[in-house]
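Report on the structure given below.
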Amino acid sequence: MGSRPARVAWFVGKHVLRGLWISTMVLTPAFGFWLASSLAAYENASQWLALLVGLLLFPLLPVGWDLIHVWRRNRQTVPRKQILTRLDRLVLRTLLVNGVFLAVMMWQAPQLSFRALAVRGDWIVDGCDNIVCAKLRGGILWLADRFEGRWHEDAAGDDYGASDIPPEEIVAAPELPGGWPLATTVDLRVSAMPESVQTSVAAVGQYLAQRIPDRKQLVKALHDYVVLRLTYDGATAALTGEERYTKRPSQQGDDVWRARTGVCEGYARLMVALGKAAGVEIAYVTGYIRDTERDVDPNANLDVVKATLEGYGHAWNAAKIDGVWYLLDATWDDTSDGKTEVPTTYLLTPPKLFRHDHLPEEPAWQLVAVPLSASEFARQPLLSPSIGRLGVSLISPSRSQITVTDGEAEVLLDNPYRAELVAYATRAGGTSEEVRCKVEPRVGTHAAVVCELPHGQYEVKLFGAPAGARSRRYDYFGTILVNSR
């Protein structure tokens with residue numbers, strides 16, 4: 001029988017393995033149920049459906065499978081000897097059923113699964129704000145963050161390449177100086193540049209560098225030139241599958257300059273090429289963006305709407321001015337057909353505003369002391385840097401997607417400069433149904449956007465204009481996805 005210590009070690013090891021075996025049976029279906037219910041909450045499906053899926057994963061399917069086995073064995077004239085105990089069979093069948101479910105989800109929709117856990121993994125504590133729920137919510141979201149993978153199923157780097165600046169060289173100032181947003185008026189040295197000068201990218205960069213000594217204004221001139229020179233190539237952006245690689249025109253700086261069209265990579269690479277010619281260090285940055293106001297068909301189905309909220313691969317830039325890195329995105333400032341003004345919302349934007357809708361693959365390019373993770377980026381409300389232009393700040397909700405059960409959704413804002421606010425909700429899923437929301441004053445400088453929403457999933461879109469503005473042009477500054485039950 002061996003020595004007593006050996007027998008004790010064997011006994012302990014046996015029971016430890018047994019405990020791990022049974023724990024696996026419990027934890028695997030628990031994770032399956034959590035994923036299924038989070039997907040249901042994310043898609044605004046019935047929680048009863050999620051409960052049914054969870055019960056199917058365990059115990060209905062595993063136990064039912066074992067009962068069929070027992071019934072078939074009892075019908076045998078001479079039953080075969082059992083190799084596994086009933087508990088072992090139940091554990092094994094539970095692992096197989098849940099393993100198939102999880103494998104299918106992680107293979108077919110890994111990013112959707114990650115986003116559902118990151119954004120709605122804590123659905124079970126919806127509406128609960130006490131300290132116990134806060135601790136539980138924190139624990140659930142911490143666990144969800146552990147499953148963080150690639151943010152988008154088509155990594156930005158696959159299409160656009162990556163930055164050539166080592167992360168250790170990306171050092172941002174603790175607080176960037178003010179001055180944002182810059183004037184939208186295009187410098188005459190850009191708008192009136194003779195065609196005879198525009199013989200090459202190098203010629204344009206040198207021409208502007210010789211005439212604009214101020215480095216910040218020089219970067220603005222390069223940005224404005226790119227916006228005016230290029231037209232966004234929607235046809236190329238729409239390519240999918242193999243066509244993205246076989247039919248995609250070159251997006252190198254010289255090539256898009258000659259073609260006068262490009263996608264985000266082309267805009268960003270032209271900025272790099274112009275910066276090199278002008279003696280300004282401009283980095284090429286890749287990552288992901290979220291938006292519901294840009295290049296989205298108003299009749300788009302729910303999948304398209306979700307995609308804009310979830311993230312697309314994208315490319316933009318950072319410019320080094322007087323030793324400090326600044327962020328810019330010429331593609332997203334190319335929203336005007338005018339020749340005298342160019343938007344500057346995404347030009348030298350403060351990093352904490354820029355990361356409302358841009359998440360670089362290299363965290364150092366967030367230019368903040370504590371970078372956001374992909375999970376936090378997915379959870380945070382979808383805002384535009386324009387909210388900073390208006391001087392407005394979002395108080396609640398603190399999430400990109402919320403659930404309401406009484407049909408009333410409320411967005412609370414701090415509006416110290418009395419910007420004029422408007423909001424409306426549109427039903428996701430390709431309908432034209434629109435609900436105009438009320439803007440109500442609250443205590444002090446607070447204002448509430450209140451939307452009465454029938455059952456369904458809605459995008460509550462927020463717009464604002466500076467108080468007393470002559471043009472009364474309302475700029476989009478945010479979207480909250482609302483599940484109304």
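Identifiers in this document derive from the order of the structure tokens: chains are assigned A, B, ..., residues are numbered from 1 separately in each chain, and ligands are numbered from 1 in order of occurrence.
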Residue list (strand (DSSP E or B), DSSP) for region 314-376 of chain A, as number ranges by chain: A: 314-321, 324-328, 341, 347-349, 358-360
Would you please extract all alpha helix (DSSP H) residues from region 274-457 of chain A, as assigned by DSSP on the backbone, and give them as a list of chain:residue names?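 Across region 274-457 of chain A, those assigned alpha helix (DSSP H) are A:Leu274, A:Gly275, A:Lys276, A:Ala277, A:Ala278, A:Leu302, A:Asp303, A:Val304, A:Val305, A:Lys306, A:Ala307, A:Thr308, A:Leu309, A:Glu310, A:Pro351, A:Lys352, A:Leu353, A:Phe354, A:Ala374, A:Ser375, A:Glu376, A:Phe377, A:Ala378, A:Arg379, A:Ser386, A:Ile387, A:Gly388, A:Arg389, A:Leu390.
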Output file for the residues above (C-alpha atoms, as a PDB file, in the first residue's frame):
```pdb
ATOM      1  CA  LEU A 274       3.894  66.911 -46.392  1.00  0.00           C
ATOM      2  CA  GLY A 275       5.294  67.153 -42.864  1.00  0.00           C
ATOM      3  CA  LYS A 276       8.564  65.600 -43.994  1.00  0.00           C
ATOM      4  CA  ALA A 277       8.844  68.097 -46.839  1.00  0.00           C
ATOM      5  CA  ALA A 278       8.005  70.991 -44.502  1.00  0.00           C
ATOM      6  CA  LEU A 302     -29.346  47.749 -36.785  1.00  0.00           C
ATOM      7  CA  ASP A 303     -26.143  45.894 -37.666  1.00  0.00           C
ATOM      8  CA  VAL A 304     -24.765  48.985 -39.427  1.00  0.00           C
ATOM      9  CA  VAL A 305     -25.776  51.222 -36.537  1.00  0.00           C
ATOM     10  CA  LYS A 306     -24.098  48.850 -34.076  1.00  0.00           C
ATOM     11  CA  ALA A 307     -20.942  48.761 -36.188  1.00  0.00           C
ATOM     12  CA  THR A 308     -20.565  52.540 -35.953  1.00  0.00           C
ATOM     13  CA  LEU A 309     -20.892  52.321 -32.192  1.00  0.00           C
ATOM     14  CA  GLU A 310     -18.542  49.370 -31.873  1.00  0.00           C
ATOM     15  CA  PRO A 351      -6.166  64.236 -25.869  1.00  0.00           C
ATOM     16  CA  LYS A 352      -8.982  63.703 -23.359  1.00  0.00           C
ATOM     17  CA  LEU A 353     -11.466  64.951 -25.967  1.00  0.00           C
ATOM     18  CA  PHE A 354      -9.830  63.142 -28.887  1.00  0.00           C
ATOM     19  CA  ALA A 374     -10.555  48.702 -25.197  1.00  0.00           C
ATOM     20  CA  SER A 375     -13.223  47.693 -22.660  1.00  0.00           C
ATOM     21  CA  GLU A 376     -13.392  51.186 -21.193  1.00  0.00           C
ATOM     22  CA  PHE A 377     -13.507  52.684 -24.685  1.00  0.00           C
ATOM     23  CA  ALA A 378     -16.450  50.409 -25.523  1.00  0.00           C
ATOM     24  CA  ARG A 379     -18.286  51.285 -22.313  1.00  0.00           C
ATOM     25  CA  SER A 386     -17.404  69.045 -30.105  1.00  0.00           C
ATOM     26  CA  ILE A 387     -18.730  68.681 -26.575  1.00  0.00           C
ATOM     27  CA  GLY A 388     -15.579  70.489 -25.428  1.00  0.00           C
ATOM     28  CA  ARG A 389     -16.134  73.280 -27.949  1.00  0.00           C
ATOM     29  CA  LEU A 390     -19.558  73.884 -26.381  1.00  0.00           C
TER      30      LEU A 390
END
```
Inset, instruction - Considering only C-alpha atoms, return as a ChimeraX atom specification whatever protein or nucleic-acid residues lie within 12 Å of Leu136 (chain A), sequence-local ones (same chain, fewer than 3 positions apart) excluded. - result: /A:121-126,128-133,139-143
- prompt: If you count only C-alpha atoms, which residues fall within 10 Å of Leu394 (chain A), apart from same-chain ones fewer than 4 positions away, as a list in words?
  reply: Pro381, Leu383, Ile387, Ser398, Val411, Leu412, Leu413, Asp414, Asn415, His446, Ala447 and Gly478 of chain A
Tell me, as a PDB file with N, CA and C atoms, in the first residue's frame, which residues lie within 9 Å of Gly407 (chain A), counting only C-alpha atoms; anything in the same chain fewer than 2 positions away does not count.
```pdb
ATOM      1  N   VAL A 404     -33.890  51.220 -20.020  1.00  0.00           N
ATOM      2  CA  VAL A 404     -34.936  51.848 -19.222  1.00  0.00           C
ATOM      3  C   VAL A 404     -36.180  50.967 -19.291  1.00  0.00           C
ATOM      4  N   THR A 405     -36.909  50.892 -18.193  1.00  0.00           N
ATOM      5  CA  THR A 405     -38.086  50.026 -18.136  1.00  0.00           C
ATOM      6  C   THR A 405     -39.392  50.801 -18.069  1.00  0.00           C
ATOM      7  N   ALA A 409     -36.089  57.937 -20.951  1.00  0.00           N
ATOM      8  CA  ALA A 409     -34.632  57.993 -20.872  1.00  0.00           C
ATOM      9  C   ALA A 409     -34.211  59.418 -20.558  1.00  0.00           C
ATOM     10  N   CYS A 451     -36.371  61.832 -22.994  1.00  0.00           N
ATOM     11  CA  CYS A 451     -36.977  61.221 -24.178  1.00  0.00           C
ATOM     12  C   CYS A 451     -37.991  60.171 -23.752  1.00  0.00           C
ATOM     13  N   GLU A 452     -39.216  60.293 -24.253  1.00  0.00           N
ATOM     14  CA  GLU A 452     -40.245  59.281 -24.023  1.00  0.00           C
ATOM     15  C   GLU A 452     -40.165  58.272 -25.165  1.00  0.00           C
ATOM     16  N   LEU A 453     -39.770  57.032 -24.846  1.00  0.00           N
ATOM     17  CA  LEU A 453     -39.469  56.052 -25.871  1.00  0.00           C
ATOM     18  C   LEU A 453     -40.327  54.802 -25.714  1.00  0.00           C
ATOM     19  N   PRO A 454     -41.096  54.448 -26.744  1.00  0.00           N
ATOM     20  CA  PRO A 454     -41.815  53.167 -26.724  1.00  0.00           C
ATOM     21  C   PRO A 454     -40.823  52.005 -26.719  1.00  0.00           C
ATOM     22  N   HIS A 455     -41.354  50.792 -26.621  1.00  0.00           N
ATOM     23  CA  HIS A 455     -40.484  49.608 -26.592  1.00  0.00           C
ATOM     24  C   HIS A 455     -39.623  49.546 -27.845  1.00  0.00           C
ATOM     25  N   SER A 484     -35.269  50.337 -24.565  1.00  0.00           N
ATOM     26  CA  SER A 484     -36.502  50.643 -23.850  1.00  0.00           C
ATOM     27  C   SER A 484     -37.345  49.369 -23.767  1.00  0.00           C
ATOM     28  N   ARG A 485     -37.719  48.990 -22.554  1.00  0.00           N
ATOM     29  CA  ARG A 485     -38.500  47.757 -22.354  1.00  0.00           C
ATOM     30  C   ARG A 485     -39.812  48.050 -21.669  1.00  0.00           C
TER      31      ARG A 485
END
```
For Glu361 (chain A), the closest of A:Leu327, A:Met106, A:Val342, A:Ala315 counting only C-alpha atoms is A:Ala315
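From CA of Arg473 (chain A) back to CA of Glu434 (chain A), the distance works out to 20.3 Å.
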### Surrounding residues of Val482 (chain A) excluding itself and chain neighbours under 3 positions, 6 Å, only C-alpha atoms, as a list in words
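That gives Gln401, Ile402, Thr403, Gln457 and Tyr458 of chain A.
Remark: for Lys461 (chain A), the closest of the candidate residues A:Asp291, A:Asp334, A:Glu195, A:Asp406 is A:Asp291 (distances computed over only C-alpha atoms).
Using only C-alpha atoms for every distance, the candidate list A:Val78, A:Trp65, A:Asn98, A:Pro213 yields A:Asn98 as the residue closest to Phe33 (chain A).
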- Which residues, written as a PyMOL selection string, have at least one atom at most 9 Å from region 247-256 of chain A, with only C-alpha atoms counted and residues fewer than 4 positions away on the same chain left out? chain A and resi 160+200-201+230+236-237+239+242-243+260-274
Query raised in the report: Can you tell me how far CA of Ile321 (chain A) sits from CA of Thr184 (chain A), in Å to one decimal?
Result: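 Atom-to-atom, CA of Ile321 (chain A) to CA of Thr184 (chain A), that is 19.7 Å.
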